[in-house]
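S.K.: Dropping a structure here in structure tokens format, bear with me for questions.
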Amino acid sequence: MHRPFDDHVRPHPSASEPSGPSGPWLGATEPDPADVDPVVLGALLDRHGWRRRGGAAGRYTRWTPPGPVTGGTSLLVPESRAFPDCEDLLGEAITALVRSAAPSAKDVLVGLTVPSDEIRWWRDIPLGGPSGTASWTVQEQLRSAARQMLLAGALAARERAGYYGARHRRAAQALLEGVLVGPAPGGRSLTAFVPVQSGRALAVRLSHALQATREAIDYQRATGGTEAFDAAVRAGVSRELTEAVIALVRGSEGARIALEWSPAAGVPQDCAARMEPVEFSPGDLPALRAAGARYLQDEPSVPVRITGTVVRMRRSGPRGVGTVRLRVLAGADVPHVRVALDEDAYRTAGHAHLVGLPIRVAGRLESRGGFRRLTDASGLVPVPVDEAERDRLMKSLQENLDFFEEAGEQEPDEQHPC
């Protein structure tokens, strides 16, 4: 069974649940002062609203947390590593950040530990709870829309398409493995920290795609033409992205997304040093829905030659045509496909399954249904494998017998070919 998408986005360390022990955030609770660039620390403090309040000119600067000055945390940050006490000052500043009650202190520590591009979402919603809190539903809407948008960016970083369906999902979710997400107080906003090393392509593509989406909506509302959405596919716009924006805006008075580049990694090529927030309103929803429907309708089927193992078989009688479900091993970036086969090909698929062999078949991966169906199937043949691989496939089958039985209860017309 596939893990929910939310499993691929790690919680922020300031959230109630602890961060996981794997990925780039391992041991990331406190950065080493020897690895901290004071210029990067100053840039992160400025980004997150800390205030610069003088200091010794040319030696260090003093920073205080956002909000009114009440005599709390104060950081001394050296201007460079040229002074003998630089590392001591950095160590004291990091310790103060770790102990600080300011929510932004955790964000600064994340940016110091792993160079990350920061993506922020805001929703303009009325907050009826005490002390400006949001309802559970409002929080879930924001988090779900953010997940969808990150996935759309990851898909676009993999390949440009108007509609992906089931294609590239595993690779896109793997790209999100190291992303850290932390909610801001009040439920109106959310921040994702995307590690530069693994996720910069996602951040760059998403920034271009959001701006192209905004421009295409403006063009359609001004002229009535939809051709701008066709051109926007090259920038990374897709049905998945339009659905994510719709989910973000729906039920709100408006929403906006901003992206800020990691000061440690610098600005990527062909990107502005500062991306102004991209804003969407409820008035944009008709154009977004029309674009999504257009992408769904226009994305063509894809010719493929798939190698996979048979996991289910179904036909209405003992003879004739039937349908098999394949777990894809190679040839298409989807986890499973259904294939309609004539009697001879169906029998060949059943024999291959019984002896633990995968099959290879050519056809067209149909966009209808999310690229989960192969049509015009031809040339089905068993694929020889060595004994070790065959044993592995048979063991995998035996380990998943419970899955087949459960599926059989839900879909009684699909039968195991025994």
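Please note that chains go A, B, ... in the order of the structure tokens, that every chain numbers its residues from 1, and that ligands are numbered from 1 in the order shown.
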Residues near Ala264 in chain A, anyone? I mean within 9 Å using only C-alpha atoms, not counting same-chain ones fewer than 3 positions away, as number ranges by chain.
M.R.: A: 37, 39-40, 111-112, 115-116, 261
S.K.: Just want the 6 Å neighbourhood of range 239-254 of chain A, counted on only C-alpha atoms, with same-chain residues fewer than 5 positions away dropped. Output as a PyMOL selection string.
M.R.: chain A and resi 124-125+145+148-149+152+162-163+280-281+288+292+295
S.K.: Would you save the residues from that selection as an mmCIF file, in the first residue's frame, using N, CA, C and O atoms?
M.R.:
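Listed below is the output, selection05.cif:
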```cif
data_model
loop_
_atom_site.group_PDB
_atom_site.id
_atom_site.type_symbol
_atom_site.label_atom_id
_atom_site.label_comp_id
_atom_site.auth_asym_id
_atom_site.auth_seq_id
_atom_site.Cartn_x
_atom_site.Cartn_y
_atom_site.Cartn_z
ATOM 1 N N ASP A 124 -5.967 34.504 2.827
ATOM 2 C CA ASP A 124 -6.729 35.554 3.504
ATOM 3 C C ASP A 124 -8.068 34.956 3.924
ATOM 4 O O ASP A 124 -8.977 34.779 3.105
ATOM 5 N N ILE A 125 -8.165 34.628 5.185
ATOM 6 C CA ILE A 125 -9.367 33.990 5.709
ATOM 7 C C ILE A 125 -9.740 34.633 7.035
ATOM 8 O O ILE A 125 -8.884 35.104 7.778
ATOM 9 N N ALA A 145 -3.255 22.085 0.109
ATOM 10 C CA ALA A 145 -2.947 22.858 -1.105
ATOM 11 C C ALA A 145 -1.444 23.017 -1.283
ATOM 12 O O ALA A 145 -0.924 22.938 -2.404
ATOM 13 N N GLN A 148 -0.042 19.779 -2.653
ATOM 14 C CA GLN A 148 -0.339 19.655 -4.084
ATOM 15 C C GLN A 148 0.586 20.523 -4.925
ATOM 16 O O GLN A 148 1.044 20.121 -5.997
ATOM 17 N N MET A 149 0.869 21.723 -4.443
ATOM 18 C CA MET A 149 1.700 22.647 -5.219
ATOM 19 C C MET A 149 3.145 22.184 -5.278
ATOM 20 O O MET A 149 3.806 22.271 -6.317
ATOM 21 N N ALA A 152 3.261 19.390 -7.757
ATOM 22 C CA ALA A 152 3.194 19.911 -9.126
ATOM 23 C C ALA A 152 4.546 20.460 -9.561
ATOM 24 O O ALA A 152 4.978 20.265 -10.704
ATOM 25 N N GLY A 162 1.070 19.009 -19.750
ATOM 26 C CA GLY A 162 -0.157 19.655 -19.317
ATOM 27 C C GLY A 162 -0.905 18.852 -18.281
ATOM 28 O O GLY A 162 -1.666 19.401 -17.494
ATOM 29 N N TYR A 163 -0.677 17.526 -18.288
ATOM 30 C CA TYR A 163 -1.351 16.647 -17.341
ATOM 31 C C TYR A 163 -0.462 15.427 -17.115
ATOM 32 O O TYR A 163 0.028 14.813 -18.063
ATOM 33 N N PHE A 280 -3.394 35.351 -6.073
ATOM 34 C CA PHE A 280 -4.562 34.812 -6.766
ATOM 35 C C PHE A 280 -5.800 35.152 -5.952
ATOM 36 O O PHE A 280 -5.743 35.253 -4.718
ATOM 37 N N SER A 281 -6.916 35.328 -6.648
ATOM 38 C CA SER A 281 -8.158 35.700 -5.985
ATOM 39 C C SER A 281 -9.282 34.773 -6.446
ATOM 40 O O SER A 281 -9.128 34.042 -7.436
ATOM 41 N N LEU A 288 -8.817 29.206 -14.035
ATOM 42 C CA LEU A 288 -8.016 28.058 -13.608
ATOM 43 C C LEU A 288 -8.741 26.748 -13.887
ATOM 44 O O LEU A 288 -8.126 25.768 -14.339
ATOM 45 N N GLY A 292 -7.437 23.817 -16.429
ATOM 46 C CA GLY A 292 -7.247 22.442 -15.992
ATOM 47 C C GLY A 292 -7.990 21.455 -16.863
ATOM 48 O O GLY A 292 -7.457 20.396 -17.221
ATOM 49 N N TYR A 295 -6.120 21.141 -20.175
ATOM 50 C CA TYR A 295 -4.924 20.310 -20.067
ATOM 51 C C TYR A 295 -5.299 18.828 -20.023
ATOM 52 O O TYR A 295 -4.633 17.982 -20.631
#
```
S.K.: Quick one, how far is CA of Ala166 in chain A from CA of Val138 in chain A?
M.R.: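 These atoms are spaced 27.7 Å apart.
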S.K.: Taking the chain letters and numbering used in this document, name the residues of range 62-305 of chain A that DSSP puts in helix (DSSP H, G or I), as a PyMOL selection string.
M.R.: chain A and resi 86-99+103-113+130-132+136-158+169-175+196-223+227-235+239-249+282-298
